[in-house]
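Participant: Here it is: the structure, laid out below.
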Protein chains: 2
Amino acid sequence: MKHLVLSLFLSCSLFLAQAQEIKEDFKPSTKNQPGQEYPQVNSQGYARFKIIAPAADSVRVSLGLGGQGGTKLMKAADGSWMGTTAGPMDEGFHYYHLNIDGGTFNDPGALNYYGSIRWESGIEIPAHDQDFYALKDVPHGHVEQVLFPSPSTQTSRRAFVYTPPGYYENPTKRYPVLYLQHGWGEDETAWSNQGHANLIMDNLIAEGKTQPFIIVMTYGMTNEVRMGGMRNFKIEPFQTVLINELIPYVDSKFRTIADQKSRAMGGLSMGAMETKTITLANPDVFSHYALLSGGTYSVDDVKANKDKIKLIFISTGSKERPDPVRAAVVALKEAGFNAVSYVSEGTAHEFQTWRRSLRELAPLLFK
Amino acid sequence: MKHLVLSLFLSCSLFLAQAQEIKEDFKPSTKNQPGQEYPQVNSQGYARFKIIAPAADSVRVSLGLGGQGGTKLMKAADGSWMGTTAGPMDEGFHYYHLNIDGGTFNDPGALNYYGSIRWESGIEIPAHDQDFYALKDVPHGHVEQVLFPSPSTQTSRRAFVYTPPGYYENPTKRYPVLYLQHGWGEDETAWSNQGHANLIMDNLIAEGKTQPFIIVMTYGMTNEVRMGGMRNFKIEPFQTVLINELIPYVDSKFRTIADQKSRAMGGLSMGAMETKTITLANPDVFSHYALLSGGTYSVDDVKANKDKIKLIFISTGSKERPDPVRAAVVALKEAGFNAVSYVSEGTAHEFQTWRRSLRELAPLLFK
């Protein structure tokens, strides 16, 4: 009897959860193009789409609950295509696109962000902690587009450089530098456009939670990896650009502290794999290492350069595989390294994990 | 008989011109997304499009010869939609979009540029003079994204600031400033993204054709003008942002020469109208005025401040209405002003006109 009651109770709870009423408090996503009403998000994390294509036969949105193949839109009374995700989405930023009659297009209502080797539509599910990357009335750093000479690739290459508030007011002050890499299919625009790295830093600095430093973001040449995976990727071309070309350029054009102990490298996903390879191969260039959702360092990896390594930061989302991250950091600590792990609660292999990781990483750097 | 021969000759010439063979030397547009083969352009200026949407009923491209409503694509043998413009396009940059089964979408092959109050697809028809805005192996200036406090609009507003090569190497040198506005439906990204203002300046400076100066580009709040035209637009909000908020910010964060004789304002199309209104209302702020494809100054407009005005530059495309521009400059010169007109040959109300206008304007500034 007890079991029957419990079972009934559980069934009812499940039924109620599935039949959760969708709150009709939808608002335009903060990542919409100017003046666009759709896509919208509600306070529960549901996303709603509206696409005008009166003569189309089929409109799908790639975004939806895992394993359900996205969200199929239906013809609405006004002839538009509309649909709402089957459940709440994870907090934070998501890439998506439309499939219209078999072709891949972007949502004309949303801004575009470079991911998956193309400019994709972006949507923002309001996060409970969104304040840390909000645009606030605090002093703002600048994000500079630089074109640096790259003899090894025979062109001028682009990087973005964040200079913190105070950089201009203190014309003799010099700053440490974090080299921060995007993931596969993304590019040098990702960390400031969808990552809001500049706003995260502005806010941390305004609250006195981190010392100001420079962040340099460039293209990791990761698009060369397609289906074949890492084995098709050669690190050398990017390593040459970074170590031999970009770092000297930055040190000549910005007021950096141009030494190993004031230089960090970090990256997300494939950028983490690049970070691991390059930091281990260049122990006299970087002293602070950060892997975001992209592997770990073993004690064997780093023991030869123990005296040169000031920090190892490893993070991931709770919906990824956090246990190996925690275990790696425990082992590194036991071996005497200054190692820190961070697990972003309730997020997967997406930018909310990496925004939070930067928030956690920044205060630990260059101490 | 003479007339008949002439007539036959003309008819044949016309026929031959219309039947001009399309050269099959198509190459991907330089404004394509990474790795994308389409859209393509050929050496004659034709554009060819290829869109994947197997189940669509109709795919059109908004780009094509004037008055023909764009280019209708046809189902190709491989199931894709393909089509070529009916004739050569004007040299330079063009915005466009797709109409798929009645809906407006961007071409997934092309990069996006903000125009028409939305991010549009962009294509580049190689111009005979494209060298002046090419990315070359010369010292490059930086383009800085700044977020400046704007009490009047109760937010932080974005601007882009071009600092010329040498800005970092000469830490005590101060520079004059050009405030440069986009047109209606565009925003503060236009002059560097599709205008290549930074590359134009880098190249001019490398050739010793202009002195280095700073360029500031911000959003002219022009989207408030919809179908109603200029009468719905109030200049005051933007003027307050520019004069009371942005200029003091730039003068505090960059090494400017912060006086009237070292400050210019220019703009294209609706940005020219803003330039005209704001320069005339603020004769002690700007000394160099530039209107690109957006009206003229009459002698009556400027005679009260003749001593304060160092240059009036007025330009347009030859396919716009060049006569009023030339006439206005003749009148200004006769009245004793340092006035210069420029007509871009073979271009209309598009960015090739404005790229060339900046190339002509820069060497004339701050003499």
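Labels used: A, B, ... for chains in the order of the structure tokens, numbers from 1 for residues in each chain, and numbers from 1 for ligands as shown.
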For the alpha helix (DSSP H) assignment from backbone DSSP, which residues of range 76-302 of chain A qualify? Please present them as a PyMOL selection string.
Facilitator: chain A and resi 190-193+197-206+236-240+247-253+270-281+299-302
Participant: Residues of chain B near chain A: apply a cut-off of 6 Å, count only C-alpha atoms, and supply the list as an MDAnalysis selection string.
Facilitator: chainID B and resid 52:56 101:103 105 108 142:146 168 253
Participant: Grab the residues selected above and save them as a PDB file, in the first residue's frame with N, CA, C and O atoms.
Facilitator:
ATOM      1  N   ILE B  52      20.920  26.120 -51.407  1.00  0.00           N
ATOM      2  CA  ILE B  52      20.402  24.773 -51.152  1.00  0.00           C
ATOM      3  C   ILE B  52      19.074  24.893 -50.407  1.00  0.00           C
ATOM      4  O   ILE B  52      19.035  25.395 -49.276  1.00  0.00           O
ATOM      5  N   ALA B  53      18.013  24.487 -51.032  1.00  0.00           N
ATOM      6  CA  ALA B  53      16.689  24.450 -50.392  1.00  0.00           C
ATOM      7  C   ALA B  53      15.812  23.550 -51.242  1.00  0.00           C
ATOM      8  O   ALA B  53      14.917  24.002 -51.955  1.00  0.00           O
ATOM      9  N   PRO B  54      16.085  22.222 -51.188  1.00  0.00           N
ATOM     10  CA  PRO B  54      15.516  21.293 -52.171  1.00  0.00           C
ATOM     11  C   PRO B  54      13.993  21.334 -52.275  1.00  0.00           C
ATOM     12  O   PRO B  54      13.446  21.157 -53.359  1.00  0.00           O
ATOM     13  N   ALA B  55      13.302  21.602 -51.150  1.00  0.00           N
ATOM     14  CA  ALA B  55      11.837  21.529 -51.200  1.00  0.00           C
ATOM     15  C   ALA B  55      11.175  22.896 -51.360  1.00  0.00           C
ATOM     16  O   ALA B  55       9.967  23.021 -51.247  1.00  0.00           O
ATOM     17  N   ALA B  56      11.974  23.932 -51.614  1.00  0.00           N
ATOM     18  CA  ALA B  56      11.376  25.261 -51.785  1.00  0.00           C
ATOM     19  C   ALA B  56      10.663  25.355 -53.129  1.00  0.00           C
ATOM     20  O   ALA B  56      10.985  24.639 -54.081  1.00  0.00           O
ATOM     21  N   ASP B 101      10.246  31.333 -50.717  1.00  0.00           N
ATOM     22  CA  ASP B 101       8.837  31.026 -50.463  1.00  0.00           C
ATOM     23  C   ASP B 101       8.144  32.144 -49.692  1.00  0.00           C
ATOM     24  O   ASP B 101       7.358  31.897 -48.764  1.00  0.00           O
ATOM     25  N   GLY B 102       8.474  33.376 -50.057  1.00  0.00           N
ATOM     26  CA  GLY B 102       7.773  34.516 -49.473  1.00  0.00           C
ATOM     27  C   GLY B 102       8.414  35.095 -48.228  1.00  0.00           C
ATOM     28  O   GLY B 102       7.927  36.090 -47.684  1.00  0.00           O
ATOM     29  N   GLY B 103       9.491  34.500 -47.749  1.00  0.00           N
ATOM     30  CA  GLY B 103      10.169  35.016 -46.553  1.00  0.00           C
ATOM     31  C   GLY B 103      11.523  35.608 -46.895  1.00  0.00           C
ATOM     32  O   GLY B 103      12.137  35.224 -47.896  1.00  0.00           O
ATOM     33  N   PHE B 105      15.406  36.052 -46.084  1.00  0.00           N
ATOM     34  CA  PHE B 105      16.509  35.397 -45.379  1.00  0.00           C
ATOM     35  C   PHE B 105      17.827  35.843 -45.984  1.00  0.00           C
ATOM     36  O   PHE B 105      17.856  36.383 -47.086  1.00  0.00           O
ATOM     37  N   PRO B 108      23.273  31.939 -46.916  1.00  0.00           N
ATOM     38  CA  PRO B 108      24.193  31.303 -45.955  1.00  0.00           C
ATOM     39  C   PRO B 108      25.642  31.307 -46.424  1.00  0.00           C
ATOM     40  O   PRO B 108      26.538  31.064 -45.620  1.00  0.00           O
ATOM     41  N   HIS B 142      44.709  50.448 -35.509  1.00  0.00           N
ATOM     42  CA  HIS B 142      43.766  49.611 -34.755  1.00  0.00           C
ATOM     43  C   HIS B 142      42.372  50.217 -34.848  1.00  0.00           C
ATOM     44  O   HIS B 142      42.218  51.420 -35.017  1.00  0.00           O
ATOM     45  N   VAL B 143      41.358  49.365 -34.714  1.00  0.00           N
ATOM     46  CA  VAL B 143      39.978  49.845 -34.602  1.00  0.00           C
ATOM     47  C   VAL B 143      39.475  49.416 -33.227  1.00  0.00           C
ATOM     48  O   VAL B 143      39.327  48.225 -32.965  1.00  0.00           O
ATOM     49  N   GLU B 144      39.233  50.391 -32.355  1.00  0.00           N
ATOM     50  CA  GLU B 144      38.873  50.078 -30.968  1.00  0.00           C
ATOM     51  C   GLU B 144      37.371  50.210 -30.758  1.00  0.00           C
ATOM     52  O   GLU B 144      36.778  51.233 -31.083  1.00  0.00           O
ATOM     53  N   GLN B 145      36.787  49.185 -30.186  1.00  0.00           N
ATOM     54  CA  GLN B 145      35.406  49.311 -29.726  1.00  0.00           C
ATOM     55  C   GLN B 145      35.420  49.957 -28.340  1.00  0.00           C
ATOM     56  O   GLN B 145      36.019  49.433 -27.409  1.00  0.00           O
ATOM     57  N   VAL B 146      34.772  51.109 -28.222  1.00  0.00           N
ATOM     58  CA  VAL B 146      34.661  51.756 -26.911  1.00  0.00           C
ATOM     59  C   VAL B 146      33.190  51.797 -26.504  1.00  0.00           C
ATOM     60  O   VAL B 146      32.304  51.850 -27.346  1.00  0.00           O
ATOM     61  N   TYR B 168      51.049  54.088 -31.257  1.00  0.00           N
ATOM     62  CA  TYR B 168      51.688  53.507 -30.067  1.00  0.00           C
ATOM     63  C   TYR B 168      53.173  53.824 -30.000  1.00  0.00           C
ATOM     64  O   TYR B 168      53.738  53.936 -28.924  1.00  0.00           O
ATOM     65  N   LYS B 253      40.207  59.891 -23.621  1.00  0.00           N
ATOM     66  CA  LYS B 253      40.764  58.533 -23.701  1.00  0.00           C
ATOM     67  C   LYS B 253      41.778  58.373 -24.823  1.00  0.00           C
ATOM     68  O   LYS B 253      42.455  57.348 -24.901  1.00  0.00           O
TER      69      LYS B 253
END
Participant: For a test of reading the model, state the distance in Å between CA of Leu364 in chain A and CA of Arg263 in chain A, rounded to one decimal.
Facilitator: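 Between these atoms lies a distance of 12.9 Å.
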Participant: Considering only C-alpha atoms, can you say which of B:Gly115, B:Pro39, B:Gly208, B:Gly267 comes closest to Asp187 in chain B?
Facilitator: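 Once distances to Asp187 in chain B are computed over only C-alpha atoms, the minimum belongs to B:Gly115.
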Participant: With only C-alpha atoms as the counted atoms, please give the residues lying no more than 9 Å from range 268-277 of chain A, apart from itself and same-chain residues fewer than 5 positions off, as an MDAnalysis selection string.
Facilitator: chainID A and resid 180:184 220 222 230 235 238:239 282 289:297 349 354
Participant: Looking only at strand (DSSP E or B) from DSSP on the backbone, list the matching residues of range 157-334 of chain B as an MDAnalysis selection string.
Facilitator: chainID B and resid 157:163 175 177:181 214:218 256 263:268 288:292 311:317
